[in-house]
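Enquirer: The structure is given below, and queries will be raised subsequently.
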Amino acid sequence: MSRRKSKTPFFEQIEVLDAGAKGKSIAKAPDGRVIFLPNAVPGDVVNIQTFKKRKAYYEGKATAFLKLSDKRTDPLCEHFGTCGGCKWQHMGYEHQLHYKQHEVIHNLTRIGKVELSEILPIVGSQKQYYYRNKMEFSFSDRRWLTQAEIESTDTVEDKNALGFHIPGMWDKILDIKQCHLQADPSNVIRNAVKKFATENDLEFFNTRNQTGFLRTLMIRTSSTGDLMVLIQFYKEDVFKRKLLLDYIAQQFPEITALLYVINEKANDTIYDQDIICYKGLDHIFEEMEGLRFKINAKSFYQTNSEQAYELYKITRNFAGLSGTELVYDLYTGTGTIAQFVAKQAKKVVGVESVPEAIQAAKANAKLNRIENVSFFVGDMKQVFNDRFIANHGHPDVIITDPPRDGMHKDVVQQILSIAPEKVVYVSCNSATQARDLALMNSMYKVSKTQAVDMFPQTFHVENVVLLERR
């Protein structure tokens, strides 16, 4: 029942029914509107204070938990609820998988309005923690304070942070003591760097004022045991830079690639910056089924190495290659999928818009002695045209793995114009995948779909769909 009527009403004794888009749980208000909640689990019975009212829904927050769901579990991380990651840590993993699969099927059938002939069970991750191979942390001289610290009369001595952005706050950084996403030595390195920098008066960055010395720390690990550490500095100070990098090199001799960047831009993206190798190599290696992939600081590689292998195996199985097919791999990135399927295809042609990624794809193909792959760079909707098809051949199978926004409508139209027998669509966003499938529904049927959980403790999920000509 509603306790009071206002623009943002308060509801009592509401059962949480489902988990939906962007990880928010779903309840129903007495007036029939949906309520989206960030802090509840399906099966909870809660009181809700709403803070946004729309024609069809409310957004709110559970203020009291009258009954706790049997789907709940205790969060492992001390930062849960404040840090923006791992929003489903309070839900048992088997239930996370259920709601991820449910979300995918809901999007494909409700948004895409496609019939699903075969729904294969979601592939869960054997590692539910410590599964990421890449983490990026930000330095700040004004860390996020807890409510207890704000209310305390004591002076806050340590204002430095090395951690993650508070959700929705570009200039607020939560200091992280232990992150459960990347295996050690990740936590050991991050904490040691913060301690050394603080003790030696190395200025932490102030995003709002654009001042300071230390900007970001990136740590990459690999299935081969390689380790990359990159420090991003806001300005050059040779003495201080060498002081920190020498300390890291001495303290952690297992580092394969110790790198740095001097970035004086307003933003901290490194993709337009020069990466300088301070010690060791300028890259690390990943390995999959005997294939080796050279990974530099700017390389894209799936952040869950073990689940990437599962994802690529499903992609290859869905393609059903016999060795005679010409395959196009759209949005090929560094060419990992292209090379992974190459031994079962006659030829694979990869297309990608990022020049550095294509350079890496060519280098990796040479490293792996794969001669039946070719890679081309350019904007997909411009490069992937009739002339390109005339020059490189008519594909029997198209594999497409676009970014979260999905495929441009011109790319979808070109696929329909080419009309290959099969399209294997890999997606990290089933909503945009469903939108694209709707555009292809008149020509293609969805023969199979299978979700792969790459990101335990979060609501994110990958999905693979096999499209076959009607």
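Labeling convention for the structure tokens: chains A, B, ... as they appear, residues from 1 per chain, ligands from 1 in order of appearance.
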Within 12 Å of Glu157 in chain A, counting only C-alpha atoms, which residues qualify if same-chain residues fewer than 6 places away don't, as a PDB file with C-alpha atoms, in the first residue's frame?

Expert:
```pdb
ATOM      1  CA  ASP A 141      44.148  13.173  -4.254  1.00  0.00           C
ATOM      2  CA  ARG A 142      40.541  13.501  -3.056  1.00  0.00           C
ATOM      3  CA  ARG A 143      39.242  10.036  -2.392  1.00  0.00           C
ATOM      4  CA  LEU A 145      34.842   9.393   1.902  1.00  0.00           C
ATOM      5  CA  GLU A 149      34.292   9.607   7.815  1.00  0.00           C
ATOM      6  CA  THR A 198      52.215   8.294  -0.678  1.00  0.00           C
TER       7      THR A 198
END
```

Enquirer: Range 419-422 of chain A: which residues within 10 Å, counting only C-alpha atoms, same-chain residues fewer than 3 positions away excluded, as a ChimeraX atom specification?

Expert: /A:318-320,327-328,394-399,413-416,425,443-445,447,466-470

Enquirer: Save out the residues we just selected, N, CA and C atoms, as a PDB file, in the first residue's frame.

Expert:
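What follows is the written file out-v4.pdb:
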```
ATOM      1  N   PHE A 318      28.910 -23.096 -34.234  1.00  0.00           N
ATOM      2  CA  PHE A 318      27.733 -22.574 -34.923  1.00  0.00           C
ATOM      3  C   PHE A 318      28.012 -22.365 -36.411  1.00  0.00           C
ATOM      4  N   ALA A 319      29.226 -21.959 -36.740  1.00  0.00           N
ATOM      5  CA  ALA A 319      29.577 -21.731 -38.146  1.00  0.00           C
ATOM      6  C   ALA A 319      29.570 -23.038 -38.934  1.00  0.00           C
ATOM      7  N   GLY A 320      29.854 -24.168 -38.262  1.00  0.00           N
ATOM      8  CA  GLY A 320      29.776 -25.472 -38.908  1.00  0.00           C
ATOM      9  C   GLY A 320      30.655 -25.599 -40.139  1.00  0.00           C
ATOM     10  N   VAL A 327      35.013 -17.274 -45.257  1.00  0.00           N
ATOM     11  CA  VAL A 327      34.385 -16.677 -44.075  1.00  0.00           C
ATOM     12  C   VAL A 327      34.789 -15.217 -43.978  1.00  0.00           C
ATOM     13  N   TYR A 328      33.817 -14.342 -43.742  1.00  0.00           N
ATOM     14  CA  TYR A 328      34.100 -12.950 -43.407  1.00  0.00           C
ATOM     15  C   TYR A 328      33.928 -12.783 -41.892  1.00  0.00           C
ATOM     16  N   HIS A 394      32.681 -13.868 -52.533  1.00  0.00           N
ATOM     17  CA  HIS A 394      31.371 -13.928 -51.886  1.00  0.00           C
ATOM     18  C   HIS A 394      31.433 -14.903 -50.712  1.00  0.00           C
ATOM     19  N   PRO A 395      31.165 -14.415 -49.491  1.00  0.00           N
ATOM     20  CA  PRO A 395      31.324 -15.285 -48.318  1.00  0.00           C
ATOM     21  C   PRO A 395      30.220 -16.337 -48.213  1.00  0.00           C
ATOM     22  N   ASP A 396      30.612 -17.525 -47.749  1.00  0.00           N
ATOM     23  CA  ASP A 396      29.634 -18.558 -47.425  1.00  0.00           C
ATOM     24  C   ASP A 396      29.082 -18.341 -46.012  1.00  0.00           C
ATOM     25  N   VAL A 397      29.939 -17.825 -45.143  1.00  0.00           N
ATOM     26  CA  VAL A 397      29.576 -17.582 -43.735  1.00  0.00           C
ATOM     27  C   VAL A 397      30.095 -16.205 -43.343  1.00  0.00           C
ATOM     28  N   ILE A 398      29.274 -15.450 -42.637  1.00  0.00           N
ATOM     29  CA  ILE A 398      29.722 -14.190 -42.037  1.00  0.00           C
ATOM     30  C   ILE A 398      29.654 -14.340 -40.518  1.00  0.00           C
ATOM     31  N   ILE A 399      30.769 -14.032 -39.858  1.00  0.00           N
ATOM     32  CA  ILE A 399      30.808 -13.918 -38.399  1.00  0.00           C
ATOM     33  C   ILE A 399      30.881 -12.436 -38.077  1.00  0.00           C
ATOM     34  N   GLN A 413      22.152  -4.096 -43.972  1.00  0.00           N
ATOM     35  CA  GLN A 413      21.605  -4.135 -45.328  1.00  0.00           C
ATOM     36  C   GLN A 413      22.570  -4.814 -46.297  1.00  0.00           C
ATOM     37  N   GLN A 414      23.868  -4.580 -46.098  1.00  0.00           N
ATOM     38  CA  GLN A 414      24.850  -5.209 -46.965  1.00  0.00           C
ATOM     39  C   GLN A 414      24.891  -6.723 -46.745  1.00  0.00           C
ATOM     40  N   ILE A 415      24.757  -7.162 -45.501  1.00  0.00           N
ATOM     41  CA  ILE A 415      24.695  -8.605 -45.221  1.00  0.00           C
ATOM     42  C   ILE A 415      23.484  -9.216 -45.928  1.00  0.00           C
ATOM     43  N   LEU A 416      22.351  -8.527 -45.865  1.00  0.00           N
ATOM     44  CA  LEU A 416      21.143  -9.022 -46.540  1.00  0.00           C
ATOM     45  C   LEU A 416      21.339  -9.058 -48.054  1.00  0.00           C
ATOM     46  N   TYR A 425      26.271 -14.371 -35.207  1.00  0.00           N
ATOM     47  CA  TYR A 425      26.264 -13.033 -34.605  1.00  0.00           C
ATOM     48  C   TYR A 425      26.636 -13.151 -33.130  1.00  0.00           C
ATOM     49  N   MET A 443      14.679 -12.650 -44.036  1.00  0.00           N
ATOM     50  CA  MET A 443      15.561 -13.509 -44.825  1.00  0.00           C
ATOM     51  C   MET A 443      16.180 -14.641 -44.010  1.00  0.00           C
ATOM     52  N   TYR A 444      16.360 -14.420 -42.697  1.00  0.00           N
ATOM     53  CA  TYR A 444      17.068 -15.393 -41.871  1.00  0.00           C
ATOM     54  C   TYR A 444      16.223 -15.856 -40.685  1.00  0.00           C
ATOM     55  N   LYS A 445      16.351 -17.115 -40.364  1.00  0.00           N
ATOM     56  CA  LYS A 445      15.747 -17.667 -39.156  1.00  0.00           C
ATOM     57  C   LYS A 445      16.836 -17.871 -38.108  1.00  0.00           C
ATOM     58  N   SER A 447      18.420 -20.196 -35.833  1.00  0.00           N
ATOM     59  CA  SER A 447      18.453 -21.647 -35.637  1.00  0.00           C
ATOM     60  C   SER A 447      18.900 -22.024 -34.228  1.00  0.00           C
ATOM     61  N   LEU A 466      23.010 -18.202 -34.235  1.00  0.00           N
ATOM     62  CA  LEU A 466      23.203 -18.726 -35.588  1.00  0.00           C
ATOM     63  C   LEU A 466      22.001 -18.387 -36.441  1.00  0.00           C
ATOM     64  N   LEU A 467      22.236 -17.648 -37.519  1.00  0.00           N
ATOM     65  CA  LEU A 467      21.202 -17.302 -38.490  1.00  0.00           C
ATOM     66  C   LEU A 467      21.419 -18.124 -39.750  1.00  0.00           C
ATOM     67  N   GLU A 468      20.359 -18.722 -40.245  1.00  0.00           N
ATOM     68  CA  GLU A 468      20.428 -19.493 -41.491  1.00  0.00           C
ATOM     69  C   GLU A 468      19.374 -18.990 -42.456  1.00  0.00           C
ATOM     70  N   ARG A 469      19.716 -19.030 -43.747  1.00  0.00           N
ATOM     71  CA  ARG A 469      18.793 -18.557 -44.776  1.00  0.00           C
ATOM     72  C   ARG A 469      17.491 -19.338 -44.725  1.00  0.00           C
ATOM     73  N   ARG A 470      16.401 -18.603 -44.853  1.00  0.00           N
ATOM     74  CA  ARG A 470      15.077 -19.247 -44.873  1.00  0.00           C
ATOM     75  C   ARG A 470      14.886 -19.986 -46.198  1.00  0.00           C
TER      76      ARG A 470
END
```

Enquirer: Residues of range 176-341 of chain A in helix (DSSP H, G or I) according to DSSP, as a PyMOL selection string?

Expert: chain A and resi 186-199+238-251+305-319+336-341

Enquirer: With C-alpha atoms retained, could you export that selection as a PDB file, in the first residue's frame?

Expert:
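Generated output (selection.pdb):
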```
ATOM      1  CA  SER A 186      47.203  -7.454  -8.891  1.00  0.00           C
ATOM      2  CA  ASN A 187      46.126  -6.367  -5.400  1.00  0.00           C
ATOM      3  CA  VAL A 188      49.673  -6.595  -4.064  1.00  0.00           C
ATOM      4  CA  ILE A 189      51.024  -4.392  -6.870  1.00  0.00           C
ATOM      5  CA  ARG A 190      48.252  -1.780  -6.563  1.00  0.00           C
ATOM      6  CA  ASN A 191      48.581  -1.484  -2.774  1.00  0.00           C
ATOM      7  CA  ALA A 192      52.384  -1.350  -2.951  1.00  0.00           C
ATOM      8  CA  VAL A 193      52.297   1.382  -5.599  1.00  0.00           C
ATOM      9  CA  LYS A 194      49.878   3.476  -3.537  1.00  0.00           C
ATOM     10  CA  LYS A 195      51.921   3.051  -0.346  1.00  0.00           C
ATOM     11  CA  PHE A 196      55.222   3.921  -2.046  1.00  0.00           C
ATOM     12  CA  ALA A 197      53.744   6.918  -3.870  1.00  0.00           C
ATOM     13  CA  THR A 198      52.215   8.294  -0.678  1.00  0.00           C
ATOM     14  CA  GLU A 199      55.393   7.805   1.352  1.00  0.00           C
ATOM     15  CA  VAL A 238      62.297  12.255 -14.625  1.00  0.00           C
ATOM     16  CA  PHE A 239      63.413  11.843 -11.022  1.00  0.00           C
ATOM     17  CA  LYS A 240      59.984  10.952  -9.647  1.00  0.00           C
ATOM     18  CA  ARG A 241      59.096   8.788 -12.636  1.00  0.00           C
ATOM     19  CA  LYS A 242      62.288   6.737 -12.359  1.00  0.00           C
ATOM     20  CA  LEU A 243      61.884   6.524  -8.586  1.00  0.00           C
ATOM     21  CA  LEU A 244      58.491   4.838  -8.907  1.00  0.00           C
ATOM     22  CA  LEU A 245      59.277   2.650 -11.931  1.00  0.00           C
ATOM     23  CA  ASP A 246      62.560   1.437 -10.432  1.00  0.00           C
ATOM     24  CA  TYR A 247      60.725   0.542  -7.229  1.00  0.00           C
ATOM     25  CA  ILE A 248      58.098  -1.438  -9.152  1.00  0.00           C
ATOM     26  CA  ALA A 249      60.749  -3.237 -11.219  1.00  0.00           C
ATOM     27  CA  GLN A 250      62.764  -4.146  -8.125  1.00  0.00           C
ATOM     28  CA  GLN A 251      59.775  -5.148  -6.007  1.00  0.00           C
ATOM     29  CA  SER A 305      40.514 -15.571 -21.058  1.00  0.00           C
ATOM     30  CA  GLU A 306      38.935 -18.902 -20.085  1.00  0.00           C
ATOM     31  CA  GLN A 307      35.424 -17.842 -21.111  1.00  0.00           C
ATOM     32  CA  ALA A 308      36.725 -16.284 -24.326  1.00  0.00           C
ATOM     33  CA  TYR A 309      37.796 -19.800 -25.288  1.00  0.00           C
ATOM     34  CA  GLU A 310      34.258 -21.079 -24.626  1.00  0.00           C
ATOM     35  CA  LEU A 311      32.780 -18.175 -26.616  1.00  0.00           C
ATOM     36  CA  TYR A 312      35.024 -18.817 -29.604  1.00  0.00           C
ATOM     37  CA  LYS A 313      34.344 -22.566 -29.557  1.00  0.00           C
ATOM     38  CA  ILE A 314      30.597 -21.898 -29.705  1.00  0.00           C
ATOM     39  CA  THR A 315      31.133 -19.403 -32.534  1.00  0.00           C
ATOM     40  CA  ARG A 316      33.155 -21.960 -34.493  1.00  0.00           C
ATOM     41  CA  ASN A 317      30.653 -24.745 -33.811  1.00  0.00           C
ATOM     42  CA  PHE A 318      27.733 -22.574 -34.923  1.00  0.00           C
ATOM     43  CA  ALA A 319      29.577 -21.731 -38.146  1.00  0.00           C
ATOM     44  CA  THR A 336      41.371 -13.654 -32.616  1.00  0.00           C
ATOM     45  CA  ILE A 337      38.131 -15.204 -33.899  1.00  0.00           C
ATOM     46  CA  ALA A 338      39.393 -15.110 -37.506  1.00  0.00           C
ATOM     47  CA  GLN A 339      42.518 -17.052 -36.584  1.00  0.00           C
ATOM     48  CA  PHE A 340      40.617 -19.386 -34.264  1.00  0.00           C
ATOM     49  CA  VAL A 341      38.306 -20.567 -37.081  1.00  0.00           C
TER      50      VAL A 341
END
```

Enquirer: Quick one: everything within 12 Å of Asp268 in chain A, counting only C-alpha atoms, minus sequence neighbours fewer than 3 positions away in the same chain. Send it as a VMD selection string.

Expert: chain A and resid 136 to 139 170 205 207 210 214 to 218 231 to 234 261 to 265 271 to 273

Enquirer: Considering only C-alpha atoms, return as number ranges by chain whatever protein or nucleic-acid residues lie within 12 Å of Lys343 in chain A, sequence-local ones (same chain, fewer than 2 positions apart) excluded.

Expert: A: 289-291, 316, 321-327, 337-341, 345-348, 365, 368-373

Enquirer: Give me the residues within 6 Å of Pro42 in chain A as a PyMOL selection string, counting only C-alpha atoms and dropping any in the same chain fewer than 3 places off.

Expert: chain A and resi 16-18

Enquirer: Would you kindly return, as a list in words, each protein, DNA or RNA residue with an atom no farther than 7 Å from any atom of Leu68 in chain A, considering only C-alpha atoms and excluding same-chain residues fewer than 5 positions away?

Expert: Gly43, Asp44 and Val45 of chain A

Enquirer: Using CA of Asp74 in chain A and CA of His90 in chain A as the two end points, give the distance in Å to one decimal.

Expert: 5.6 Å

Enquirer: Could you list, as a list in words, every residue within 7 Å of range 461-465 of chain A, counting only C-alpha atoms and ignoring same-chain residues fewer than 2 positions away?

Expert: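 Near range 461-465 of chain A, the qualifying residues are Lys100, Thr315, Val424, Tyr425, Val426, Ser427, Cys428, Asn429, Ser430, Val446, Lys448, Thr449, Gln450, Ala451, Val452, Asp453, Met454, Phe455, Phe459 and Leu467 of chain A.
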
Enquirer: Find, counting only C-alpha atoms, the residue in A:Ala266, A:Met380, A:Ala297, A:Val411 that gets nearest to Gly350 in chain A.

Expert: A:Met380

Enquirer: For Pro185 in chain A, which residue out of A:Asn133, A:Ser69, A:Asn209, A:Asn200 is the nearest one, using only C-alpha atoms?

Expert: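 Closest to Pro185 in chain A of all the choices is A:Asn133.
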
Enquirer: Hey, what does DSSP flag as strand (DSSP E or B) within range 167-411 of chain A? Can you give it to me as JSON, numbers by chain?

Expert: {"A": [173, 174, 175, 204, 206, 211, 214, 215, 216, 217, 218, 219, 220, 221, 227, 228, 229, 230, 231, 232, 233, 257, 258, 259, 260, 261, 262, 276, 277, 278, 279, 280, 284, 285, 286, 287, 288, 291, 292, 293, 294, 295, 326, 327, 328, 329, 330, 347, 348, 349, 350, 351, 352, 373, 374, 375, 376, 377, 397, 398, 399, 400]}

Enquirer: At what distance in Å, to one decimal, does CA of Arg132 in chain A lie from CA of Gln182 in chain A?

Expert: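 A separation of 5.0 Å between them.
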